[in-house]
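> My structure is below; once you've seen it, I'll send some questions.
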Amino acid sequence: MRVLEISDADQAAAWAGKWFARWGAEVIRVTSPSRAPITRAAEIALHGGKTRLWIDRALPAGLEAVTRLAADADVIVSDLHPRELDAVGFDTLGGECTRARVAVTPFGRTGPYRDYQATAATLLAAGGYTHLSGDPGRAPLTMPGPYPFAQAGSLAYSVALASVLGASSCATIDLSMLETIATLHQFTDLMWQVDGVVRSRHGNRWENLCPTTMLRARDGWVAVNILQQFWSPFALWVGGVELDGDASLALNADRMERRDEVEALCEAFFQKYTARDLFREGQEKWRVPIGYVQTLAGMREDPQMLSRRFWRGIEIEPGVDAPDTAGVVVPGSAFQFAGERRAPERPPRPVLEGAGVTWQSDEPSLLRGTAPPQRPLEGIRVLDFTRIWSGPLATRFLGDLGAEVIRIEAPDGRGPAVVPRGTAGYYPGGDPRERPYNRQGLNNKLMRNKRSLAIDLKSSEGKQAVLRLVAVSDVVVENFSARAMPSLGLDYEALSARNPRLIFLTMPSFGSRGPYRDYVGLGPSIEPLSGLTALMGYGRDEPRVTAMAITDAAAGVCGLSAVMTALWQRERTGKGALLDLSQSEAMAALLAEEFVASQLSGREPERLGNGAWNVAPHGVYRCLGDDEWISIGCTTDVQWISLARLAGRGWDADSRYANAEGRLARRATLDEAIEAWTAGEEKRALARRLQAVGVAAAPVQTAPEWLNDPHLEARGYFTSLETPDAGRYRTDGFPMLIDGGRGYTAWTGAPGLGEDNVETLRLAGYTNAEIAGLARRGIIVDRPPV
């Protein structure tokens, strides 16, 4: 496959191209000579393995060269500004020979914000993330790193492959970074839509679970995520039988009322031991979700990542002198093909001559399907064994793209038939009613475009039914612990014996092999192990977590990429595959540039709060009102002058701030001066004024604000779906348009538990009489056991 990456930034297109190059495509990166200088860290982390050309698209000869390059590309991906996309004729670039054109822009190619500028920080502010992180009463914290760019780039990679494999003609895709992060919220939107609650900041704590936080150990910090099922072993560990037997702390609601006391008790215990020792003992002896804050250097020596060959050395082209790269390693992919030892060989690079490139390709075309462009995965059947968040998110994307997704659910997998009134679950109107298992908000959010088969996998008949379904399916996805599927007799070996073309994705917290294979992990305990917490916080001694299940979202998008990569390879080989994905590595892979930069500098990164190491001003500033903030990022001298003139405070004439070095050296003073100005301004109005003069800015939005954002509304991002017991509800949508549409007319709401038992078992060859017999014996159900 040949991929043309047209970009003047190290953003989403760079990430899409990185994954194409990683998995064997030939990637040609076309960049304008006038683009800002690339950092050495970005060059190594994002652009290794690509052929790079500098072409001036403003010149007729340059535009002709881009057109010639596009004519031989299977995929074109670009993150140029919408105006520049129009200038190069993106919608017709490559003609009919190109199978997919993917434009990844901050806000999409249409809508009121189409021409706005953006940084990762302003996107996170507009998308409702920044408001959730940091301490109450202090400035909210921006998640460091390239999260919006990397996630959108990974989606671009996946949807391009889907279009190549499934479309009979070229698909033009308009992918929005803002919509990408909007669709990756876990339950922030549900809290507002269902319960009318605006989720707020709580530092390292989760607002509804105790103890789920980060606390000091003797030499660092540990993170715990103690759900109800983990309380008893955790209490025995930190407080002995006395704490475990304390009925007044037995329930999460009780612990929440005495949160300070519980956390103080835990921290007193933790400070007796090193963070690493606590991690190992908590996992290996007590099997509770605990992690610790890893440094970036420490992660390069982590035994799990080393055993899984996560880190990859850098290949230097012959004749290139690169002493700074000696010993430097780069994060690999968070998923691996079983038995893989190195990346597949890339096709040889063509000879490059003059302003353009010509070549002939004698490679056979990939097989084409007949699926409609907006639903390119129609004809692919997925068996979904996933739970909680990361796995269901991956399979939801597959369903959104048209795959037939059959959720294999345990009879009690959605909870009991009757729950006490007042039980949290994001029930419409706060009322569980007679079928709470079909009204639970998060389940309905994740179960769209899926079918439900509620079946007892512990029974021989249930297992046999699943094996028969496997024989007529393409993909299996599961995110249980590494022990679970083998213990059921449903591991890859058993399933591939029934279907050699089967793609099997396993998504345990730490992957299915290595010394942490059997460790338990959930998003809040995994995040500090991913490297993100080494970067995030108010300063050196004030690390903070995002207080979101951010590693689950990273793993969910990565899971989609893994399946699409395997489907692509199956088209060439005819063989299925076992894919092994680690949730902790999924987040670490998105921090590739940060890992490389720390090695090149020989230093651990500083926690800069809302700052950036290379540009200023870059921060979150107080605005008019209670807890109202704006995110501003000036990445060029021109943007700084525009901001300074708009503020009218004389900064544009101050020689101390005339260049980037001066502004960085006086970062704290400059931020104070800017906040003195912004504190008297309404955040949305100020953001519009800044954008009007070309400065990246966005209000820090809460859930009710981004859920009613006029740009998302204008682009038709949201949709509504019908469910059996929750009725019609508004939901987050698909973050891209494929040939001008999102495919919503074909979408279905979440099914009731076991709603599709009969239909799915017929696919496996069962007769009506056999299906009725399974129902009588309780092998299949449509309500949980009492």
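Ligands are numbered from 1 in the order shown, chains are lettered A, B, ... in the order of the structure tokens, and residues start at 1 in each chain.
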Please return as a PyMOL selection string: the residues of range 69-309 of chain A that backbone DSSP assigns to strand (DSSP E or B).

chain A and resi 75-78+100-105+167+171-176+212-216+221-225+290-292

> May I have the residues from that selection written out with N, CA, C and O atoms, as a CSV table (one decimal), in the first residue's frame?


```csv
chain,number,residue,atom,x,y,z
A,75,VAL,N,-3.9,5.7,-0.5
A,75,VAL,CA,-4.5,6.5,0.6
A,75,VAL,C,-3.8,7.9,0.6
A,75,VAL,O,-2.6,8.0,0.5
A,76,ILE,N,-4.6,8.9,0.7
A,76,ILE,CA,-4.1,10.3,1.0
A,76,ILE,C,-4.6,10.7,2.3
A,76,ILE,O,-5.8,10.7,2.6
A,77,VAL,N,-3.7,11.2,3.2
A,77,VAL,CA,-4.1,11.7,4.5
A,77,VAL,C,-3.4,13.1,4.7
A,77,VAL,O,-2.2,13.2,4.4
A,78,SER,N,-4.2,14.0,5.2
A,78,SER,CA,-3.7,15.4,5.3
A,78,SER,C,-4.3,16.1,6.5
A,78,SER,O,-5.5,15.8,6.8
A,100,ALA,N,-8.9,6.1,-0.6
A,100,ALA,CA,-9.4,6.9,0.5
A,100,ALA,C,-8.6,8.2,0.6
A,100,ALA,O,-7.4,8.2,0.5
A,101,ARG,N,-9.4,9.3,0.8
A,101,ARG,CA,-8.8,10.6,1.1
A,101,ARG,C,-9.3,11.0,2.5
A,101,ARG,O,-10.5,11.1,2.7
A,102,VAL,N,-8.4,11.2,3.4
A,102,VAL,CA,-8.7,11.6,4.8
A,102,VAL,C,-8.2,12.9,5.1
A,102,VAL,O,-7.0,13.1,5.2
A,103,ALA,N,-9.1,13.9,5.4
A,103,ALA,CA,-8.7,15.2,5.8
A,103,ALA,C,-9.0,15.3,7.3
A,103,ALA,O,-10.1,15.1,7.8
A,104,VAL,N,-7.9,15.5,8.1
A,104,VAL,CA,-8.0,15.6,9.6
A,104,VAL,C,-7.7,17.0,10.0
A,104,VAL,O,-6.6,17.5,9.9
A,105,THR,N,-8.8,17.7,10.4
A,105,THR,CA,-8.6,19.1,10.8
A,105,THR,C,-9.1,19.3,12.2
A,105,THR,O,-9.9,18.5,12.7
A,167,ALA,N,-14.8,-0.2,0.4
A,167,ALA,CA,-15.4,0.6,-0.6
A,167,ALA,C,-15.1,0.2,-2.0
A,167,ALA,O,-14.0,-0.2,-2.3
A,171,ALA,N,-13.4,7.0,-1.2
A,171,ALA,CA,-14.1,7.7,-0.1
A,171,ALA,C,-13.4,9.0,0.3
A,171,ALA,O,-12.1,8.9,0.5
A,172,THR,N,-14.1,10.1,0.4
A,172,THR,CA,-13.5,11.3,1.0
A,172,THR,C,-14.0,11.5,2.4
A,172,THR,O,-15.2,11.6,2.6
A,173,ILE,N,-13.1,11.6,3.3
A,173,ILE,CA,-13.4,11.6,4.8
A,173,ILE,C,-13.0,12.9,5.4
A,173,ILE,O,-11.9,13.4,5.2
A,174,ASP,N,-13.9,13.5,6.1
A,174,ASP,CA,-13.8,14.7,6.9
A,174,ASP,C,-13.8,14.4,8.3
A,174,ASP,O,-14.8,14.2,8.9
A,175,LEU,N,-12.6,14.3,9.0
A,175,LEU,CA,-12.5,13.9,10.3
A,175,LEU,C,-12.1,15.1,11.2
A,175,LEU,O,-11.1,15.8,11.0
A,176,SER,N,-12.9,15.3,12.3
A,176,SER,CA,-12.7,16.4,13.2
A,176,SER,C,-12.0,16.0,14.5
A,176,SER,O,-12.4,15.0,15.1
A,212,THR,N,-10.1,5.8,45.5
A,212,THR,CA,-9.6,5.8,44.1
A,212,THR,C,-8.9,7.1,44.0
A,212,THR,O,-9.6,8.2,43.8
A,213,THR,N,-7.6,7.1,44.1
A,213,THR,CA,-6.8,8.4,44.2
A,213,THR,C,-5.4,8.0,44.0
A,213,THR,O,-5.0,6.9,43.8
A,214,MET,N,-4.5,9.0,44.2
A,214,MET,CA,-3.1,8.8,44.2
A,214,MET,C,-2.5,9.4,45.5
A,214,MET,O,-2.9,10.5,45.9
A,215,LEU,N,-1.7,8.6,46.2
A,215,LEU,CA,-1.2,8.9,47.5
A,215,LEU,C,0.3,8.7,47.6
A,215,LEU,O,0.9,7.9,46.8
A,216,ARG,N,0.9,9.3,48.6
A,216,ARG,CA,2.4,9.2,48.7
A,216,ARG,C,2.8,7.8,49.3
A,216,ARG,O,2.2,7.3,50.2
A,221,TRP,N,4.8,8.0,44.5
A,221,TRP,CA,3.4,8.0,44.6
A,221,TRP,C,2.8,6.7,44.0
A,221,TRP,O,3.3,6.2,43.1
A,222,VAL,N,1.7,6.3,44.7
A,222,VAL,CA,1.0,5.1,44.2
A,222,VAL,C,-0.4,5.5,43.9
A,222,VAL,O,-1.0,6.4,44.5
A,223,ALA,N,-1.0,4.8,43.0
A,223,ALA,CA,-2.4,5.1,42.6
A,223,ALA,C,-3.2,3.8,42.8
A,223,ALA,O,-2.8,2.7,42.5
A,224,VAL,N,-4.4,3.9,43.4
A,224,VAL,CA,-5.3,2.8,43.7
A,224,VAL,C,-6.7,3.1,43.1
A,224,VAL,O,-7.1,4.2,43.0
A,225,ASN,N,-7.3,2.0,42.7
A,225,ASN,CA,-8.7,2.1,42.1
A,225,ASN,C,-9.5,1.0,42.8
A,225,ASN,O,-9.7,0.0,42.1
A,290,ILE,N,-3.6,-1.5,41.7
A,290,ILE,CA,-2.6,-0.5,42.2
A,290,ILE,C,-1.6,-0.3,41.1
A,290,ILE,O,-1.1,-1.2,40.4
A,291,GLY,N,-1.2,1.0,41.0
A,291,GLY,CA,-0.1,1.3,40.1
A,291,GLY,C,0.8,2.4,40.8
A,291,GLY,O,0.6,2.7,41.9
A,292,TYR,N,1.8,2.8,40.1
A,292,TYR,CA,2.7,3.9,40.7
A,292,TYR,C,3.2,4.8,39.6
A,292,TYR,O,3.2,4.4,38.4
```

> Using only C-alpha atoms for the distances, tell me which of A:Thr395, A:Thr635, A:Ser232, A:Ser200 is nearest to Asn252 in chain A.

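When distances to Asn252 in chain A are compared using only C-alpha atoms, the smallest one comes from A:Ser232.
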
> Residues at most 7 Å from range 758-771 of chain A, counting only C-alpha atoms, excluding those fewer than 4 positions away in the same chain, as a PyMOL selection string?

chain A and resi 453+468-469+775

> Output C-alpha atoms for every residue in the selection just made, as a PDB file, in the first residue's frame.


```pdb
ATOM      1  CA  LEU A 453     -26.693 -12.638  22.881  1.00  0.00           C
ATOM      2  CA  ARG A 468     -20.453 -22.455  16.213  1.00  0.00           C
ATOM      3  CA  LEU A 469     -20.770 -18.669  15.922  1.00  0.00           C
ATOM      4  CA  ALA A 775     -34.022 -20.831  26.709  1.00  0.00           C
TER       5      ALA A 775
END
```

> Here is a test: counting only C-alpha atoms, which residue of A:Thr748, A:Thr669, A:Thr565, A:Thr723 is nearest to Asn438 in chain A?

A:Thr723

> Would you pick out the contacts of range 423-429 of chain A at 8 Å or less, using only C-alpha atoms, so that residues sharing its chain but fewer than 6 positions from it are not included, and give the list as a PyMOL selection string?

chain A and resi 190-191+194-195+436+439-442+726

> The selected residues should be written to file as a PDB file, in the first residue's frame (atoms: N, CA, C and O atoms).


```
ATOM      1  N   LEU A 190     -23.080  11.676  30.267  1.00  0.00           N
ATOM      2  CA  LEU A 190     -24.226  11.011  30.895  1.00  0.00           C
ATOM      3  C   LEU A 190     -24.594  11.669  32.218  1.00  0.00           C
ATOM      4  O   LEU A 190     -25.780  11.782  32.559  1.00  0.00           O
ATOM      5  N   MET A 191     -23.604  12.078  32.981  1.00  0.00           N
ATOM      6  CA  MET A 191     -23.897  12.714  34.265  1.00  0.00           C
ATOM      7  C   MET A 191     -24.784  13.933  34.077  1.00  0.00           C
ATOM      8  O   MET A 191     -25.689  14.188  34.872  1.00  0.00           O
ATOM      9  N   VAL A 194     -28.383  12.683  31.914  1.00  0.00           N
ATOM     10  CA  VAL A 194     -29.299  11.801  32.642  1.00  0.00           C
ATOM     11  C   VAL A 194     -29.571  12.308  34.048  1.00  0.00           C
ATOM     12  O   VAL A 194     -30.719  12.311  34.513  1.00  0.00           O
ATOM     13  N   ASP A 195     -28.523  12.744  34.751  1.00  0.00           N
ATOM     14  CA  ASP A 195     -28.671  13.127  36.152  1.00  0.00           C
ATOM     15  C   ASP A 195     -28.669  14.640  36.382  1.00  0.00           C
ATOM     16  O   ASP A 195     -28.905  15.095  37.503  1.00  0.00           O
ATOM     17  N   PRO A 436     -33.946  -2.405  34.994  1.00  0.00           N
ATOM     18  CA  PRO A 436     -32.805  -1.481  35.095  1.00  0.00           C
ATOM     19  C   PRO A 436     -31.639  -1.885  34.208  1.00  0.00           C
ATOM     20  O   PRO A 436     -30.880  -1.034  33.757  1.00  0.00           O
ATOM     21  N   ARG A 439     -31.793  -0.039  31.108  1.00  0.00           N
ATOM     22  CA  ARG A 439     -31.887   1.423  31.207  1.00  0.00           C
ATOM     23  C   ARG A 439     -30.561   2.077  31.609  1.00  0.00           C
ATOM     24  O   ARG A 439     -30.443   3.300  31.591  1.00  0.00           O
ATOM     25  N   GLN A 440     -29.570   1.280  31.949  1.00  0.00           N
ATOM     26  CA  GLN A 440     -28.310   1.827  32.450  1.00  0.00           C
ATOM     27  C   GLN A 440     -27.622   2.650  31.360  1.00  0.00           C
ATOM     28  O   GLN A 440     -27.420   2.195  30.231  1.00  0.00           O
ATOM     29  N   GLY A 441     -27.263   3.892  31.688  1.00  0.00           N
ATOM     30  CA  GLY A 441     -26.818   4.846  30.684  1.00  0.00           C
ATOM     31  C   GLY A 441     -25.535   4.469  29.966  1.00  0.00           C
ATOM     32  O   GLY A 441     -25.446   4.585  28.740  1.00  0.00           O
ATOM     33  N   LEU A 442     -24.511   4.026  30.702  1.00  0.00           N
ATOM     34  CA  LEU A 442     -23.236   3.728  30.061  1.00  0.00           C
ATOM     35  C   LEU A 442     -23.367   2.529  29.128  1.00  0.00           C
ATOM     36  O   LEU A 442     -22.770   2.499  28.046  1.00  0.00           O
ATOM     37  N   ALA A 726     -35.247   2.493  27.710  1.00  0.00           N
ATOM     38  CA  ALA A 726     -34.827   3.855  28.045  1.00  0.00           C
ATOM     39  C   ALA A 726     -35.427   4.880  27.096  1.00  0.00           C
ATOM     40  O   ALA A 726     -35.246   6.081  27.289  1.00  0.00           O
TER      41      ALA A 726
END
```

> At a cut-off of 9 Å, using only C-alpha atoms, what residues contact Trp747 in chain A? Leave out same-chain residues fewer than 6 positions from it and give the result as a PyMOL selection string.

chain A and resi 399-400+402+448-449+721

> Write the selection just made, keeping N, CA and C atoms, as a compact mmCIF listing (two decimals), in the first residue's frame?


```txt
# COMPACT_ATOMS: atom_id res chain seq x y z
N GLY A 399 -18.86 -1.24 14.99
CA GLY A 399 -20.27 -1.19 14.66
C GLY A 399 -20.66 0.10 13.96
N ASP A 400 -20.10 1.22 14.40
CA ASP A 400 -20.38 2.50 13.75
C ASP A 400 -19.97 2.47 12.28
N GLY A 402 -20.11 -0.08 10.39
CA GLY A 402 -20.94 -0.99 9.62
C GLY A 402 -20.77 -2.46 9.91
N ARG A 448 -24.66 0.81 21.20
CA ARG A 448 -25.30 1.16 19.94
C ARG A 448 -24.68 0.33 18.80
N ASN A 449 -25.48 0.07 17.79
CA ASN A 449 -25.03 -0.66 16.61
C ASN A 449 -24.48 -2.05 16.95
N LEU A 721 -31.10 7.95 19.38
CA LEU A 721 -31.36 6.54 19.15
C LEU A 721 -32.45 6.06 20.10
```

> Determine the nearest neighbour of Ile406 in chain A from the options A:Asn757, A:Thr122, A:Asn610, A:Ser7, counting only C-alpha atoms.

A:Asn757

> For Phe510 in chain A, please output as a list in words all residues within 7 Å (counting only C-alpha atoms; exclusion window: fewer than 2 positions along the same chain).

Pro508, Ser512, Tyr516, Arg517, Ser582, Gln583 and Ser584 of chain A

> Next, dump the selected residues to file, keeping only all heavy atoms, as a PDB file, in the first residue's frame.


```pdb
ATOM      1  N   PRO A 508      -6.038  -7.407  27.662  1.00  0.00           N
ATOM      2  CA  PRO A 508      -5.879  -7.303  29.121  1.00  0.00           C
ATOM      3  C   PRO A 508      -5.182  -6.003  29.497  1.00  0.00           C
ATOM      4  O   PRO A 508      -4.579  -5.328  28.653  1.00  0.00           O
ATOM      5  CB  PRO A 508      -4.995  -8.510  29.469  1.00  0.00           C
ATOM      6  CG  PRO A 508      -5.015  -9.384  28.269  1.00  0.00           C
ATOM      7  CD  PRO A 508      -5.245  -8.498  27.092  1.00  0.00           C
ATOM      8  N   SER A 512      -1.192  -9.973  27.298  1.00  0.00           N
ATOM      9  CA  SER A 512      -1.405 -11.385  27.632  1.00  0.00           C
ATOM     10  C   SER A 512      -0.121 -12.143  27.919  1.00  0.00           C
ATOM     11  O   SER A 512      -0.153 -13.355  28.141  1.00  0.00           O
ATOM     12  CB  SER A 512      -2.158 -12.078  26.489  1.00  0.00           C
ATOM     13  OG  SER A 512      -1.383 -12.089  25.310  1.00  0.00           O
ATOM     14  N   TYR A 516       3.783  -8.999  34.168  1.00  0.00           N
ATOM     15  CA  TYR A 516       2.565  -8.400  34.705  1.00  0.00           C
ATOM     16  C   TYR A 516       1.310  -9.033  34.100  1.00  0.00           C
ATOM     17  O   TYR A 516       0.202  -8.517  34.280  1.00  0.00           O
ATOM     18  CB  TYR A 516       2.504  -6.895  34.404  1.00  0.00           C
ATOM     19  CG  TYR A 516       3.639  -6.056  34.920  1.00  0.00           C
ATOM     20  CD1 TYR A 516       3.758  -4.717  34.542  1.00  0.00           C
ATOM     21  CD2 TYR A 516       4.607  -6.562  35.795  1.00  0.00           C
ATOM     22  CE1 TYR A 516       4.793  -3.918  34.998  1.00  0.00           C
ATOM     23  CE2 TYR A 516       5.649  -5.772  36.245  1.00  0.00           C
ATOM     24  CZ  TYR A 516       5.741  -4.453  35.837  1.00  0.00           C
ATOM     25  OH  TYR A 516       6.770  -3.670  36.282  1.00  0.00           O
ATOM     26  N   ARG A 517       1.470 -10.126  33.402  1.00  0.00           N
ATOM     27  CA  ARG A 517       0.357 -10.726  32.665  1.00  0.00           C
ATOM     28  C   ARG A 517      -0.899 -10.879  33.509  1.00  0.00           C
ATOM     29  O   ARG A 517      -2.014 -10.597  33.062  1.00  0.00           O
ATOM     30  CB  ARG A 517       0.795 -12.092  32.126  1.00  0.00           C
ATOM     31  CG  ARG A 517      -0.302 -12.925  31.485  1.00  0.00           C
ATOM     32  CD  ARG A 517       0.225 -14.307  31.104  1.00  0.00           C
ATOM     33  NE  ARG A 517      -0.802 -15.089  30.431  1.00  0.00           N
ATOM     34  CZ  ARG A 517      -1.698 -15.833  31.041  1.00  0.00           C
ATOM     35  NH1 ARG A 517      -1.712 -15.884  32.370  1.00  0.00           N
ATOM     36  NH2 ARG A 517      -2.589 -16.526  30.345  1.00  0.00           N
ATOM     37  N   SER A 582      -1.933  -4.127  25.043  1.00  0.00           N
ATOM     38  CA  SER A 582      -1.757  -3.719  26.435  1.00  0.00           C
ATOM     39  C   SER A 582      -2.331  -2.326  26.630  1.00  0.00           C
ATOM     40  O   SER A 582      -1.949  -1.381  25.936  1.00  0.00           O
ATOM     41  CB  SER A 582      -0.270  -3.722  26.804  1.00  0.00           C
ATOM     42  OG  SER A 582      -0.027  -2.938  27.954  1.00  0.00           O
ATOM     43  N   GLN A 583      -3.248  -2.185  27.587  1.00  0.00           N
ATOM     44  CA  GLN A 583      -3.851  -0.876  27.842  1.00  0.00           C
ATOM     45  C   GLN A 583      -2.821   0.130  28.312  1.00  0.00           C
ATOM     46  O   GLN A 583      -2.850   1.302  27.911  1.00  0.00           O
ATOM     47  CB  GLN A 583      -4.967  -1.017  28.874  1.00  0.00           C
ATOM     48  CG  GLN A 583      -5.727   0.267  29.152  1.00  0.00           C
ATOM     49  CD  GLN A 583      -6.927   0.051  30.049  1.00  0.00           C
ATOM     50  OE1 GLN A 583      -7.619  -0.947  29.937  1.00  0.00           O
ATOM     51  NE2 GLN A 583      -7.157   0.972  30.967  1.00  0.00           N
ATOM     52  N   SER A 584      -1.887  -0.294  29.153  1.00  0.00           N
ATOM     53  CA  SER A 584      -0.879   0.656  29.645  1.00  0.00           C
ATOM     54  C   SER A 584       0.028   1.121  28.514  1.00  0.00           C
ATOM     55  O   SER A 584       0.435   2.285  28.455  1.00  0.00           O
ATOM     56  CB  SER A 584      -0.053   0.029  30.770  1.00  0.00           C
ATOM     57  OG  SER A 584       0.664  -1.099  30.310  1.00  0.00           O
TER      58      SER A 584
END
```

> Between CA of Ile181 in chain A and CA of Gly727 in chain A, what distance in Å does the model show, to one decimal?

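CA of Gly727 in chain A lies 26.1 Å from CA of Ile181 in chain A.
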
> If we count only C-alpha atoms and set the cut-off at 10 Å, which residues sit around Arg276 in chain A, ignoring sequence neighbours fewer than 2 positions away in its own chain? Please answer as a compact mmCIF listing (two decimals) with N, CA, C and O atoms, in the first residue's frame.


```txt
# COMPACT_ATOMS: atom_id res chain seq x y z
N ALA A 217 3.87 7.30 48.70
CA ALA A 217 4.60 6.18 49.27
C ALA A 217 5.90 6.72 49.86
O ALA A 217 6.10 7.94 49.93
N ARG A 218 6.80 5.83 50.28
CA ARG A 218 8.04 6.29 50.91
C ARG A 218 8.91 7.07 49.93
O ARG A 218 9.57 8.04 50.31
N ASP A 219 8.89 6.67 48.66
CA ASP A 219 9.79 7.29 47.70
C ASP A 219 9.08 7.81 46.45
O ASP A 219 9.71 8.06 45.43
N GLY A 220 7.77 7.95 46.52
CA GLY A 220 7.06 8.38 45.32
C GLY A 220 5.56 8.35 45.55
O GLY A 220 5.08 8.60 46.66
N TRP A 221 4.83 8.01 44.51
CA TRP A 221 3.38 8.03 44.56
C TRP A 221 2.81 6.73 44.03
O TRP A 221 3.34 6.15 43.08
N VAL A 222 1.73 6.28 44.67
CA VAL A 222 1.01 5.11 44.18
C VAL A 222 -0.44 5.52 43.89
O VAL A 222 -0.98 6.45 44.49
N TYR A 273 6.63 1.93 52.76
CA TYR A 273 7.21 1.09 51.71
C TYR A 273 7.50 1.92 50.45
O TYR A 273 6.96 3.01 50.26
N THR A 274 8.35 1.35 49.59
CA THR A 274 8.61 2.00 48.31
C THR A 274 7.41 1.77 47.38
O THR A 274 6.66 0.80 47.52
N LEU A 278 5.18 -1.70 46.85
CA LEU A 278 3.73 -1.71 47.03
C LEU A 278 3.02 -2.23 45.79
O LEU A 278 2.05 -3.00 45.88
N PHE A 279 3.49 -1.82 44.64
CA PHE A 279 2.91 -2.28 43.38
C PHE A 279 2.99 -3.80 43.27
O PHE A 279 2.00 -4.47 42.98
N ARG A 280 4.14 -4.33 43.53
CA ARG A 280 4.32 -5.78 43.37
C ARG A 280 3.52 -6.56 44.41
O ARG A 280 2.85 -7.55 44.09
N GLU A 281 3.56 -6.11 45.68
CA GLU A 281 2.83 -6.86 46.70
C GLU A 281 1.32 -6.74 46.51
O GLU A 281 0.59 -7.73 46.64
N GLY A 282 0.86 -5.54 46.19
CA GLY A 282 -0.57 -5.36 45.98
C GLY A 282 -1.10 -6.20 44.84
O GLY A 282 -2.20 -6.74 44.91
N GLY A 291 -1.16 0.96 40.98
CA GLY A 291 -0.06 1.34 40.09
C GLY A 291 0.81 2.36 40.79
O GLY A 291 0.56 2.73 41.95
N TYR A 292 1.83 2.82 40.12
CA TYR A 292 2.67 3.86 40.71
C TYR A 292 3.20 4.77 39.62
O TYR A 292 3.18 4.43 38.43
N VAL A 293 3.64 5.96 40.02
CA VAL A 293 4.10 6.95 39.06
C VAL A 293 5.48 6.56 38.57
O VAL A 293 6.46 6.59 39.33
N GLN A 294 5.55 6.21 37.31
CA GLN A 294 6.82 5.86 36.68
C GLN A 294 7.45 7.11 36.07
O GLN A 294 6.75 7.96 35.49
```

> Pick from A:Ala549, A:Ile455, A:Leu567, A:Leu184: nearest to Leu393 in chain A, with only C-alpha atoms counted?

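Ranking A:Ala549, A:Ile455, A:Leu567, A:Leu184 by distance to Leu393 in chain A, first place goes to A:Leu184.
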